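Listing of final_20.txt; format and content: compact mmCIF, C-alpha atoms and all ligand atoms.
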# COMPACT_ATOMS: atom_id res chain seq x y z
CA MET B 1 85.32 172.72 74.28
CA ILE B 2 89.02 172.76 75.09
CA GLU B 3 91.37 170.08 73.93
CA GLY B 4 92.84 167.63 76.38
CA LYS B 5 92.26 164.25 77.84
CA ILE B 6 89.18 163.03 79.63
CA VAL B 7 90.54 161.92 83.01
CA THR B 8 88.86 159.95 85.77
CA ILE B 9 90.03 158.90 89.21
CA GLY B 10 89.03 155.73 91.04
CA GLU B 11 88.97 152.02 91.47
CA ILE B 12 90.22 149.35 89.11
CA LEU B 13 88.82 145.92 90.05
CA VAL B 14 88.32 142.50 88.61
CA GLU B 15 84.83 141.08 88.63
CA ILE B 16 84.23 137.39 89.20
CA MET B 17 80.69 136.22 88.58
CA ALA B 18 78.66 133.26 89.75
CA THR B 19 77.43 131.30 86.74
CA THR B 20 74.08 130.47 88.39
CA LEU B 21 71.31 132.65 89.84
CA GLY B 22 70.91 132.45 93.60
CA HIS B 23 71.74 134.07 96.88
CA GLY B 24 75.33 134.95 97.62
CA PHE B 25 78.38 132.79 98.13
CA LEU B 26 77.61 130.53 101.08
CA GLU B 27 78.28 127.34 99.16
CA ALA B 28 80.97 126.26 96.70
CA GLN B 29 79.90 127.06 93.15
CA THR B 30 81.06 127.67 89.60
CA LEU B 31 82.45 131.12 88.88
CA ILE B 32 83.56 132.92 85.73
CA GLY B 33 86.18 135.64 85.59
CA PRO B 34 88.33 137.61 86.15
CA PHE B 35 86.74 140.35 84.03
CA PRO B 36 88.30 143.84 83.99
CA SER B 37 86.01 146.11 86.05
CA GLY B 38 85.54 149.07 88.39
CA ALA B 39 83.13 151.82 87.41
CA PRO B 40 85.84 154.41 86.60
CA ALA B 41 87.78 151.80 84.62
CA ILE B 42 84.74 150.79 82.55
CA PHE B 43 84.00 154.46 81.90
CA ILE B 44 87.52 155.31 80.75
CA ASP B 45 87.81 152.14 78.63
CA GLN B 46 84.69 153.27 76.76
CA VAL B 47 86.20 156.75 76.26
CA GLY B 48 89.35 155.16 74.84
CA LYS B 49 87.43 152.87 72.49
CA LEU B 50 85.71 155.90 71.00
CA GLY B 51 89.13 157.29 70.10
CA HIS B 52 89.07 160.22 72.55
CA PRO B 53 92.28 160.85 74.55
CA ALA B 54 91.75 159.24 77.96
CA ALA B 55 93.61 158.61 81.22
CA ILE B 56 92.82 157.08 84.62
CA VAL B 57 94.36 157.74 88.02
CA SER B 58 94.22 154.51 90.00
CA ALA B 59 96.18 151.71 91.64
CA VAL B 60 96.51 147.94 91.20
CA GLY B 61 98.62 145.21 92.81
CA ASP B 62 101.52 143.51 91.03
CA ASP B 63 99.34 140.48 90.32
CA ASP B 64 97.50 138.91 87.40
CA PHE B 65 94.29 140.81 88.23
CA GLY B 66 96.16 144.07 87.82
CA THR B 67 97.75 142.92 84.57
CA VAL B 68 94.39 141.86 83.12
CA ASN B 69 93.11 145.39 83.67
CA LEU B 70 96.20 147.29 82.54
CA GLU B 71 96.52 145.29 79.34
CA ARG B 72 92.87 145.85 78.44
CA LEU B 73 92.97 149.58 79.14
CA LYS B 74 96.17 150.03 77.12
CA GLN B 75 94.81 147.99 74.25
CA ASP B 76 91.74 150.24 74.15
CA GLY B 77 93.81 153.43 74.05
CA VAL B 78 93.78 154.55 77.69
CA ASP B 79 96.85 156.25 79.23
CA VAL B 80 97.65 154.18 82.34
CA SER B 81 100.79 156.09 83.32
CA ALA B 82 99.01 157.26 86.50
CA VAL B 83 97.99 153.76 87.59
CA ALA B 84 100.35 152.93 90.48
CA ILE B 85 101.43 149.30 90.83
CA HIS B 86 101.75 148.43 94.53
CA PRO B 87 104.11 145.51 95.17
CA GLY B 88 102.57 143.14 97.67
CA ALA B 89 99.07 144.59 97.53
CA ALA B 90 96.23 142.72 95.86
CA THR B 91 94.25 144.28 93.02
CA GLY B 92 90.68 145.02 94.09
CA SER B 93 87.96 142.49 93.34
CA ALA B 94 84.20 142.15 93.31
CA PHE B 95 82.45 138.80 93.42
CA VAL B 96 78.89 139.13 92.17
CA ARG B 97 75.94 136.77 92.00
CA TYR B 98 72.60 137.67 90.49
CA ARG B 99 69.48 136.77 92.45
CA PRO B 100 66.42 135.34 90.71
CA ASP B 101 64.64 138.70 91.22
CA GLY B 102 67.38 140.62 89.36
CA GLY B 103 69.03 141.91 92.55
CA ARG B 104 72.72 141.31 93.18
CA ASP B 105 74.82 140.04 96.09
CA PHE B 106 78.43 141.26 96.26
CA VAL B 107 81.61 140.41 98.09
CA PHE B 108 83.89 143.44 97.62
CA ASN B 109 87.59 143.72 98.30
CA MET B 110 88.18 147.39 97.65
CA ARG B 111 89.18 149.37 100.75
CA ASP B 112 91.88 146.86 101.74
CA SER B 113 93.13 146.34 98.19
CA ALA B 114 95.41 148.45 96.01
CA ALA B 115 92.28 150.43 95.06
CA GLY B 116 92.16 151.71 98.63
CA ARG B 117 95.70 153.08 98.25
CA ILE B 118 95.10 155.44 95.34
CA ALA B 119 97.28 158.49 96.02
CA ALA B 120 98.30 161.82 94.50
CA THR B 121 101.53 160.53 93.00
CA PRO B 122 103.64 162.70 90.67
CA GLU B 123 102.25 160.67 87.74
CA ALA B 124 98.68 161.38 88.90
CA GLN B 125 99.42 165.07 89.21
CA ALA B 126 100.98 165.14 85.74
CA VAL B 127 97.91 163.56 84.16
CA LEU B 128 95.52 165.84 86.05
CA ALA B 129 97.55 168.92 85.11
CA GLU B 130 96.81 168.35 81.43
CA ALA B 131 93.19 167.17 81.72
CA GLY B 132 90.60 168.94 79.57
CA HIS B 133 87.75 167.21 81.38
CA LEU B 134 87.41 165.47 84.73
CA HIS B 135 84.82 162.72 85.17
CA VAL B 136 84.00 162.11 88.83
CA MET B 137 82.68 158.68 89.76
CA GLY B 138 80.89 158.73 93.11
CA SER B 139 81.88 155.15 93.95
CA GLY B 140 85.49 156.28 94.44
CA LEU B 141 84.82 159.35 96.61
CA PRO B 142 84.89 157.49 99.97
CA VAL B 143 88.64 156.96 99.47
CA PRO B 144 90.04 160.18 101.05
CA ALA B 145 92.90 160.61 98.55
CA VAL B 146 90.45 160.29 95.65
CA PHE B 147 88.21 163.00 97.06
CA GLY B 148 91.31 165.10 97.79
CA MET B 149 92.48 164.90 94.16
CA VAL B 150 88.98 165.57 92.85
CA SER B 151 88.62 168.68 95.05
CA ALA B 152 92.05 169.99 94.18
CA SER B 153 91.81 169.46 90.44
CA ILE B 154 88.30 170.80 89.80
CA PRO B 155 89.21 174.50 90.30
CA ALA B 156 92.36 174.11 88.19
CA ILE B 157 90.53 172.41 85.33
CA LYS B 158 87.74 174.98 85.39
CA ALA B 159 90.25 177.85 85.51
CA ARG B 160 91.68 176.73 82.15
CA GLY B 161 88.26 176.34 80.56
CA GLY B 162 87.81 172.62 81.17
CA THR B 163 84.66 170.86 82.30
CA VAL B 164 83.45 168.35 84.90
CA SER B 165 80.98 165.48 84.71
CA PHE B 166 79.65 163.51 87.67
CA ASP B 167 78.05 160.07 87.85
CA PRO B 168 76.98 159.60 91.48
CA ASN B 169 76.93 155.79 91.19
CA ILE B 170 75.86 155.87 94.76
CA ARG B 171 75.05 153.45 97.48
CA VAL B 172 72.50 155.02 99.83
CA GLU B 173 74.79 154.49 102.86
CA MET B 174 77.28 157.00 101.44
CA LEU B 175 74.79 159.85 101.83
CA ARG B 176 73.89 158.87 105.40
CA ASP B 177 77.43 159.76 106.44
CA PRO B 178 77.56 163.61 106.81
CA ALA B 179 81.11 163.81 105.42
CA GLY B 180 80.06 161.67 102.46
CA LYS B 181 77.08 163.88 101.78
CA ALA B 182 79.21 167.03 101.93
CA ALA B 183 81.69 165.47 99.48
CA PHE B 184 78.93 164.66 97.01
CA GLN B 185 77.37 168.13 97.33
CA SER B 186 80.70 169.88 96.74
CA VAL B 187 81.28 167.96 93.51
CA LEU B 188 77.73 168.59 92.37
CA ALA B 189 78.20 172.35 92.81
CA ALA B 190 80.99 172.23 90.17
CA THR B 191 79.30 169.80 87.77
CA ASP B 192 78.66 170.73 84.13
CA LEU B 193 77.17 167.35 83.13
CA PHE B 194 75.34 165.30 85.77
CA LEU B 195 74.54 161.63 84.98
CA PRO B 196 72.17 160.19 87.61
CA SER B 197 70.03 157.09 87.32
CA GLY B 198 66.89 156.00 89.15
CA GLU B 199 66.47 157.36 92.64
CA GLU B 200 69.81 159.22 92.55
CA LEU B 201 67.99 162.25 91.14
CA SER B 202 65.77 162.65 94.20
CA LEU B 203 68.56 161.71 96.63
CA PHE B 204 70.63 164.62 95.34
CA SER B 205 68.03 167.31 94.86
CA GLY B 206 65.92 166.45 97.91
CA GLU B 207 62.85 166.62 95.62
CA ALA B 208 60.75 163.50 95.04
CA ASP B 209 59.11 164.88 91.88
CA GLU B 210 61.28 164.49 88.75
CA GLY B 211 60.49 167.91 87.27
CA ARG B 212 61.15 169.71 90.53
CA ALA B 213 64.37 167.74 91.07
CA ILE B 214 65.63 168.75 87.60
CA ALA B 215 64.69 172.39 88.14
CA ALA B 216 66.48 172.47 91.49
CA LEU B 217 69.68 171.05 89.97
CA LEU B 218 69.65 173.47 87.01
CA ASP B 219 69.06 176.36 89.45
CA ALA B 220 72.06 175.17 91.47
CA GLY B 221 74.26 175.64 88.38
CA VAL B 222 74.41 172.20 86.76
CA GLN B 223 74.51 172.88 82.98
CA GLU B 224 73.16 169.59 81.65
CA ILE B 225 71.51 166.56 83.23
CA VAL B 226 71.14 163.19 81.56
CA LEU B 227 68.84 160.82 83.44
CA LYS B 228 69.48 157.13 82.70
CA ARG B 229 66.32 155.03 82.64
CA GLY B 230 67.57 151.47 82.08
CA LYS B 231 65.84 149.73 79.17
CA ALA B 232 63.52 152.75 78.76
CA GLY B 233 66.47 154.84 77.53
CA ALA B 234 67.39 158.30 78.78
CA SER B 235 66.34 161.96 78.99
CA HIS B 236 68.44 165.11 78.63
CA PHE B 237 67.61 168.37 80.41
CA ASP B 238 69.12 171.83 80.20
CA ARG B 239 67.85 175.40 80.48
CA SER B 240 66.39 175.24 76.97
CA GLY B 241 64.25 172.17 77.68
CA ARG B 242 64.05 168.43 77.57
CA THR B 243 64.85 165.64 75.07
CA ASP B 244 63.72 162.02 75.58
CA MET B 245 65.24 159.07 73.73
CA PRO B 246 63.80 155.54 74.00
CA GLY B 247 66.20 152.66 74.61
CA PHE B 248 67.11 149.84 72.21
CA VAL B 249 65.41 146.46 72.49
CA VAL B 250 68.00 143.86 73.49
CA GLU B 251 68.21 140.75 75.63
CA GLU B 252 69.77 141.73 78.96
CA ILE B 253 72.47 139.21 79.96
CA ASP B 254 74.46 141.31 82.48
CA PRO B 255 73.49 144.91 83.32
CA THR B 256 76.73 145.85 85.11
CA GLY B 257 78.62 148.63 83.35
CA ALA B 258 75.73 149.98 81.29
CA GLY B 259 75.64 153.30 83.12
CA ASP B 260 79.40 153.77 82.84
CA SER B 261 79.53 153.03 79.10
CA PHE B 262 76.49 155.25 78.58
CA GLY B 263 78.07 158.19 80.41
CA ALA B 264 81.39 157.92 78.59
CA THR B 265 79.66 157.78 75.22
CA PHE B 266 77.36 160.73 75.91
CA LEU B 267 80.34 162.79 77.05
CA VAL B 268 82.57 161.96 74.07
CA ALA B 269 79.76 162.56 71.57
CA ARG B 270 79.01 165.91 73.23
CA ARG B 271 82.68 166.92 73.06
CA LEU B 272 82.56 166.12 69.33
CA ASP B 273 79.70 168.68 69.09
CA LYS B 274 77.07 166.15 68.09
CA SER B 275 73.42 167.11 68.64
CA VAL B 276 71.74 166.16 71.92
CA GLU B 277 69.63 163.60 70.01
CA ASP B 278 72.69 161.97 68.45
CA CYS B 279 74.51 161.95 71.81
CA LEU B 280 71.56 160.24 73.50
CA ARG B 281 71.22 157.71 70.68
CA TYR B 282 74.92 156.81 70.77
CA ALA B 283 74.88 156.60 74.58
CA ASN B 284 71.75 154.41 74.62
CA ALA B 285 73.43 152.16 72.05
CA ALA B 286 76.58 151.89 74.18
CA GLY B 287 74.54 151.03 77.29
CA ALA B 288 72.45 148.49 75.41
CA ARG B 289 75.50 146.77 73.88
CA THR B 290 77.06 146.49 77.34
CA VAL B 291 74.11 144.57 78.79
CA THR B 292 74.13 141.94 76.03
CA VAL B 293 77.42 140.37 77.16
CA LYS B 294 78.77 138.90 80.39
CA GLY B 295 81.42 141.04 82.00
CA PRO B 296 81.18 144.78 82.68
CA MET B 297 83.84 145.93 80.21
CA GLU B 298 83.31 143.27 77.55
CA GLY B 299 80.62 145.27 75.74
CA THR B 300 82.35 148.64 75.37
CA SER B 301 82.13 149.99 71.82
CA SER B 302 83.85 151.88 69.02
CA PHE B 303 81.83 154.40 66.95
CA ALA B 304 81.81 151.89 64.08
CA GLU B 305 80.28 149.24 66.37
CA LEU B 306 77.70 151.75 67.63
CA ASP B 307 76.74 152.79 64.09
CA ALA B 308 76.28 149.15 63.07
CA PHE B 309 74.24 148.42 66.23
CA ILE B 310 72.00 151.46 65.73
CA ALA B 311 71.31 150.48 62.13
CA ALA B 312 70.39 146.90 63.11
CA THR B 313 68.52 147.23 66.42
CA PRO B 314 64.88 148.14 67.05
CA VAL B 315 64.00 150.95 69.45
CA GLY B 316 61.49 150.46 72.30
CA ALA B 317 58.21 152.33 72.76
CA ALA B 318 58.70 156.02 73.61
P1 LIG E 1 74.86 150.80 86.39
O1 LIG E 1 74.25 149.54 86.86
O2 LIG E 1 76.00 150.57 85.42
O3 LIG E 1 75.21 151.79 87.47
P2 LIG E 1 72.91 152.82 85.78
O4 LIG E 1 71.88 152.57 86.83
O5 LIG E 1 73.85 153.96 85.99
O6 LIG E 1 73.74 151.49 85.48
P3 LIG E 1 71.03 152.27 83.64
O7 LIG E 1 69.90 153.22 83.48
O8 LIG E 1 70.76 150.97 84.26
O9 LIG E 1 72.21 153.06 84.37
O10 LIG E 1 71.69 151.98 82.23
C1 LIG E 1 72.33 153.01 81.47
C2 LIG E 1 71.84 153.03 80.06
O11 LIG E 1 72.12 151.76 79.42
C3 LIG E 1 70.34 153.23 79.92
O12 LIG E 1 70.02 154.62 79.95
C4 LIG E 1 70.09 152.57 78.55
O13 LIG E 1 70.46 153.45 77.51
C5 LIG E 1 71.06 151.39 78.56
N1 LIG E 1 70.43 150.17 79.09
C6 LIG E 1 70.53 149.68 80.35
N2 LIG E 1 69.81 148.53 80.49
C7 LIG E 1 69.25 148.28 79.28
C8 LIG E 1 68.40 147.25 78.75
N3 LIG E 1 67.97 146.22 79.49
N4 LIG E 1 68.01 147.34 77.46
C9 LIG E 1 68.43 148.35 76.68
N5 LIG E 1 69.23 149.36 77.11
C10 LIG E 1 69.65 149.33 78.39
MG MG E 2 74.97 153.90 87.79
How does this structure look as structure tokens?
Amino acid sequence: MIEGKIVTIGEILVEIMATTLGHGFLEAQTLIGPFPSGAPAIFIDQVGKLGHPAAIVSAVGDDDFGTVNLERLKQDGVDVSAVAIHPGAATGSAFVRYRPDGGRDFVFNMRDSAAGRIAATPEAQAVLAEAGHLHVMGSGLPVPAVFGMVSASIPAIKARGGTVSFDPNIRVEMLRDPAGKAAFQSVLAATDLFLPSGEELSLFSGEADEGRAIAALLDAGVQEIVLKRGKAGASHFDRSGRTDMPGFVVEEIDPTGAGDSFGATFLVARRLDKSVEDCLRYANAAGARTVTVKGPMEGTSSFAELDAFIAATPVGAA
């Protein structure tokens, strides 16, 4: 492992949630928020809380939604020098309502918000030039400047001995677009640690069977794969084999952000040279803590909080 910050690039949003279950936003209703959000922002907040040097390349508007995010990230130890503040633009937002069946309806304002204007500013280039690790979040790749920075910085980071992780965080439509698919495949080819969940594994490998999908990705050069399995926990795969870790038993209040907190925690623990078992246990604990509170970034954790949680919380059936 080389020294240096963990850096990610992508959207900062606020999330505003319906307080009742139902379908969408077609009638006036009670909402709660704004909560700091955006998959890359949740991820990097969790890195900062664990005490690892962290920075994000992003953009917000000069409004309260931007301030809410910047203050939280700073408070949790994240370098926000490469977050551009666009006068006159609105910070991105996501309105979310859970359906009775556990599905979600969204109203997103991302492309037309400050998050759609992320650019390779001098501050962004300065942060990327000293990164020891780049975490790529697939949700940001459709913004051309984000993909441009990712593509340009991967060879430079690798050339100085740094590493790359990739959470596809994908919506199926992104892979239907040929340019989108090519973007995802090019990042995958450079990925040291791949962090898929659910059907993302088969979408990327083209193999429906889990074992064959893993083998295909390892053959393609991915060093480590951690498959997130929701409340069932997670599995780690590399050339030497497989390690399964059951999840913790908690009451799920709000699942958003679990995968991002999980990924950040696995990565930081791995960079601290903890065993695969310990990394999986810490990451499962971070994901589980996230789902117990409303708001995607409200349940991010320090190592002390994770240790206390692990000591106090039962583990599910293997
Ligand atoms: P996201 O919705 O953030 O994209 P994801 O699909 O990437 O999430 P999940 O598998 O849903 O990832 O969750 C990540 C991790 O969080 C799981 O591997 C598990 O450790 C933990 N986790 C998620 N949901 C629960 C739950 N209901 N109970 C316990 N642990 C959970
Ligand atoms: Mg995910």
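If you measure from each of B:Gly230, B:Gly162, B:Gly148, B:Gly33 to ligand LIG 1 (chain E) using all atoms listed in the file, the closest one turns out to be B:Gly230.
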*Gap from atom CA of Gly132 of chain B to atom CA of Tyr282 of chain B - Å, one decimal*: 21.7 Å
_Residue contacts of Glu277 of chain B (10 Å, all atoms listed in the file) excluding same-chain residues fewer than 3 positions away, as a PyMOL selection string_ = chain B and resi 235-236+243-245+274+280-283
_Please report the interatomic distance between atom CA of Ala39 of chain B and atom CA of Ala213 of chain B in Å with one decimal._
24.9 Å
*Mind giving me the straight-line distance from atom CA of Gly138 of chain B to atom O4 of ligand LIG 1 (chain E) in Å, one decimal?*
12.6 Å
*asked:* Given the point (82.3, 155.1, 82.6) in the coordinates of this file, which residues lie within 10 Å, counting all atoms listed in the file, and how would they look as a ChimeraX atom specification?
replied: /B:8,38-47,135-137,167,257-265,267,297,300
*Pick from B:Glu15, B:Asp112, B:Asp76, B:Glu251, whichever lies nearest to ligand LIG 1 (chain E) using only C-alpha atoms and all ligand atoms*: B:Glu251
*Do you know which residues are at most 9 Å from segment 101-109 of chain B counting only C-alpha atoms, after dropping those on the same chain fewer than 5 positions away, and could you put them as a PyMOL selection string?*
chain B and resi 13+21-25+91-96+115
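Nearest-residue note for ligand LIG 1 (chain E): choosing from B:Ala179, B:Ala190, B:Ile170, B:Ala311, the minimum distance belongs to B:Ile170, counting all atoms listed in the file.
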Chain B near ligand LIG 1 (chain E) within 7 Å: what's each residue's closest atom pair and its distance in Å to one decimal, counting all atoms listed in the file, ordered by chain then ascending residue number, as JSON lines?
{"residue": "B:Asn169", "atom": "CA", "partner": "E:LIG1", "partner_atom": "O3", "distance": 5.7}
{"residue": "B:Pro196", "atom": "CA", "partner": "E:LIG1", "partner_atom": "O5", "distance": 6.7}
{"residue": "B:Ser197", "atom": "CA", "partner": "E:LIG1", "partner_atom": "O4", "distance": 4.9}
{"residue": "B:Gly198", "atom": "CA", "partner": "E:LIG1", "partner_atom": "O4", "distance": 6.5}
{"residue": "B:Lys228", "atom": "CA", "partner": "E:LIG1", "partner_atom": "O12", "distance": 3.8}
{"residue": "B:Arg229", "atom": "CA", "partner": "E:LIG1", "partner_atom": "O7", "distance": 4.1}
{"residue": "B:Gly230", "atom": "CA", "partner": "E:LIG1", "partner_atom": "O7", "distance": 3.2}
{"residue": "B:Lys231", "atom": "CA", "partner": "E:LIG1", "partner_atom": "C8", "distance": 3.6}
{"residue": "B:Ala232", "atom": "CA", "partner": "E:LIG1", "partner_atom": "C4", "distance": 6.6}
{"residue": "B:Gly233", "atom": "CA", "partner": "E:LIG1", "partner_atom": "O13", "distance": 4.2}
{"residue": "B:Ala234", "atom": "CA", "partner": "E:LIG1", "partner_atom": "O12", "distance": 4.7}
{"residue": "B:Gly247", "atom": "CA", "partner": "E:LIG1", "partner_atom": "N5", "distance": 5.1}
{"residue": "B:Phe248", "atom": "CA", "partner": "E:LIG1", "partner_atom": "C9", "distance": 4.9}
{"residue": "B:Val249", "atom": "CA", "partner": "E:LIG1", "partner_atom": "C9", "distance": 5.5}
{"residue": "B:Val250", "atom": "CA", "partner": "E:LIG1", "partner_atom": "N4", "distance": 5.3}
{"residue": "B:Glu251", "atom": "CA", "partner": "E:LIG1", "partner_atom": "N3", "distance": 6.7}
{"residue": "B:Glu252", "atom": "CA", "partner": "E:LIG1", "partner_atom": "N3", "distance": 4.9}
{"residue": "B:Pro255", "atom": "CA", "partner": "E:LIG1", "partner_atom": "O1", "distance": 5.9}
{"residue": "B:Thr256", "atom": "CA", "partner": "E:LIG1", "partner_atom": "O1", "distance": 4.8}
{"residue": "B:Gly257", "atom": "CA", "partner": "E:LIG1", "partner_atom": "O2", "distance": 3.9}
{"residue": "B:Ala258", "atom": "CA", "partner": "E:LIG1", "partner_atom": "O2", "distance": 4.2}
{"residue": "B:Gly259", "atom": "CA", "partner": "E:LIG1", "partner_atom": "O5", "distance": 3.4}
{"residue": "B:Asp260", "atom": "CA", "partner": "E:LIG1", "partner_atom": "O2", "distance": 5.3}
{"residue": "B:Phe262", "atom": "CA", "partner": "E:LIG1", "partner_atom": "C2", "distance": 5.4}
{"residue": "B:Ala283", "atom": "CA", "partner": "E:LIG1", "partner_atom": "O13", "distance": 6.2}
{"residue": "B:Asn284", "atom": "CA", "partner": "E:LIG1", "partner_atom": "O13", "distance": 3.3}
{"residue": "B:Ala285", "atom": "CA", "partner": "E:LIG1", "partner_atom": "O13", "distance": 6.3}
{"residue": "B:Ala286", "atom": "CA", "partner": "E:LIG1", "partner_atom": "O11", "distance": 6.9}
{"residue": "B:Gly287", "atom": "CA", "partner": "E:LIG1", "partner_atom": "O11", "distance": 3.3}
{"residue": "B:Ala288", "atom": "CA", "partner": "E:LIG1", "partner_atom": "N5", "distance": 3.7}
{"residue": "B:Val291", "atom": "CA", "partner": "E:LIG1", "partner_atom": "N2", "distance": 6.1}
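Nearest to ligand MG 2 (chain E) of all the residues B:Val293, B:Leu134, B:Leu195, B:Leu272 is B:Leu195, counting all atoms listed in the file.
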Would you list the contacts of Thr163 of chain B as an mmCIF file with C-alpha atoms, in the frame of the given file, taking every protein, DNA or RNA residue within 8 Å and counting all atoms listed in the file, but skipping same-chain residues closer than 5 positions in sequence?
data_model
loop_
_atom_site.group_PDB
_atom_site.id
_atom_site.type_symbol
_atom_site.label_atom_id
_atom_site.label_comp_id
_atom_site.auth_asym_id
_atom_site.auth_seq_id
_atom_site.Cartn_x
_atom_site.Cartn_y
_atom_site.Cartn_z
ATOM 1 C CA GLY B 132 90.600 168.940 79.570
ATOM 2 C CA HIS B 133 87.750 167.210 81.380
ATOM 3 C CA LEU B 134 87.410 165.470 84.730
ATOM 4 C CA ILE B 157 90.530 172.410 85.330
ATOM 5 C CA LYS B 158 87.740 174.980 85.390
ATOM 6 C CA THR B 191 79.300 169.800 87.770
ATOM 7 C CA ASP B 192 78.660 170.730 84.130
#
*Using all atoms listed in the file, which residue out of B:Ser139, B:Gln185, B:Ser151, B:Ser205 lies closest to ligand MG 2 (chain E)?*
B:Ser139
_Can you tell me which residues surround Phe147 of chain B at a distance of at most 10 Å, considering only C-alpha atoms, apart from same-chain residues fewer than 4 positions away, and format the answer as number ranges by chain?_
B: 9-10, 136, 138, 140-143, 151-153, 180, 183-184, 187
*Pick from B:Met17, B:Leu26, B:Ala114, B:Ala131 nearest to Asp79 of chain B, counting only C-alpha atoms*: B:Ala131
*Using all atoms listed in the file, determine which residues lie at most 8 Å from Ala124 of chain B, disregarding the query and same-chain residues fewer than 2 positions distant; provide the list as a ChimeraX atom specification.*
/B:57,81-83,119-122,126-128
*Test item: which residues lie within 6 Å of (79.6, 165.8, 82.6) counting all atoms listed in the file, as a list in words*: Val164, Ser165, Phe166, Asp192, Leu193 and Phe194 of chain B
Could you take the residues named above and write them with C-alpha atoms, as a PDB file, in the coordinates of the input?
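Output (part-v9.pdb):
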ATOM      1  CA  VAL B 164      83.450 168.350  84.900  1.00  0.00           C
ATOM      2  CA  SER B 165      80.980 165.480  84.710  1.00  0.00           C
ATOM      3  CA  PHE B 166      79.650 163.510  87.670  1.00  0.00           C
ATOM      4  CA  ASP B 192      78.660 170.730  84.130  1.00  0.00           C
ATOM      5  CA  LEU B 193      77.170 167.350  83.130  1.00  0.00           C
ATOM      6  CA  PHE B 194      75.340 165.300  85.770  1.00  0.00           C
TER       7      PHE B 194
END
Could you give me the axis-aligned bounding box of segment 252-255 of chain B, with 6 Å of padding per side, as centre plus edge lengths in Å to one decimal, as lines of an AutoDock Vina configuration file?
center_x = 72.1
center_y = 142.1
center_z = 81.1
size_x = 16.7
size_y = 17.7
size_z = 16.4
Will you give me segment 167-202 of chain B, written with C-alpha atoms and laid out as a CSV table (one decimal), in the first residue's frame?
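part.csv written:
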chain,number,residue,atom,x,y,z
B,167,ASP,CA,-18.6,0.3,-7.1
B,168,PRO,CA,-20.8,0.1,-10.2
B,169,ASN,CA,-23.9,1.4,-8.4
B,170,ILE,CA,-25.6,1.0,-11.6
B,171,ARG,CA,-29.0,1.6,-13.1
B,172,VAL,CA,-29.6,-0.9,-15.9
B,173,GLU,CA,-30.3,1.8,-18.4
B,174,MET,CA,-26.6,2.9,-18.2
B,175,LEU,CA,-25.4,-0.3,-19.7
B,176,ARG,CA,-28.0,-0.2,-22.5
B,177,ASP,CA,-26.2,2.9,-23.9
B,178,PRO,CA,-23.1,1.6,-25.8
B,179,ALA,CA,-20.9,4.5,-24.6
B,180,GLY,CA,-22.0,3.9,-21.1
B,181,LYS,CA,-21.1,0.3,-21.3
B,182,ALA,CA,-17.7,1.0,-22.8
B,183,ALA,CA,-17.1,3.5,-19.9
B,184,PHE,CA,-17.9,0.9,-17.3
B,185,GLN,CA,-15.8,-1.8,-19.0
B,186,SER,CA,-12.8,0.5,-19.3
B,187,VAL,CA,-12.9,1.2,-15.5
B,188,LEU,CA,-13.4,-2.5,-14.7
B,189,ALA,CA,-10.2,-3.4,-16.7
B,190,ALA,CA,-8.2,-1.2,-14.2
B,191,THR,CA,-10.0,-2.2,-11.0
B,192,ASP,CA,-8.1,-3.7,-8.1
B,193,LEU,CA,-11.1,-4.0,-5.8
B,194,PHE,CA,-14.6,-4.5,-7.3
B,195,LEU,CA,-17.7,-4.0,-5.1
B,196,PRO,CA,-20.8,-5.2,-6.9
B,197,SER,CA,-24.2,-6.0,-5.3
B,198,GLY,CA,-27.0,-8.2,-6.5
B,199,GLU,CA,-27.4,-8.5,-10.3
B,200,GLU,CA,-24.5,-6.2,-11.0
B,201,LEU,CA,-22.1,-9.2,-10.9
B,202,SER,CA,-23.9,-10.9,-13.9
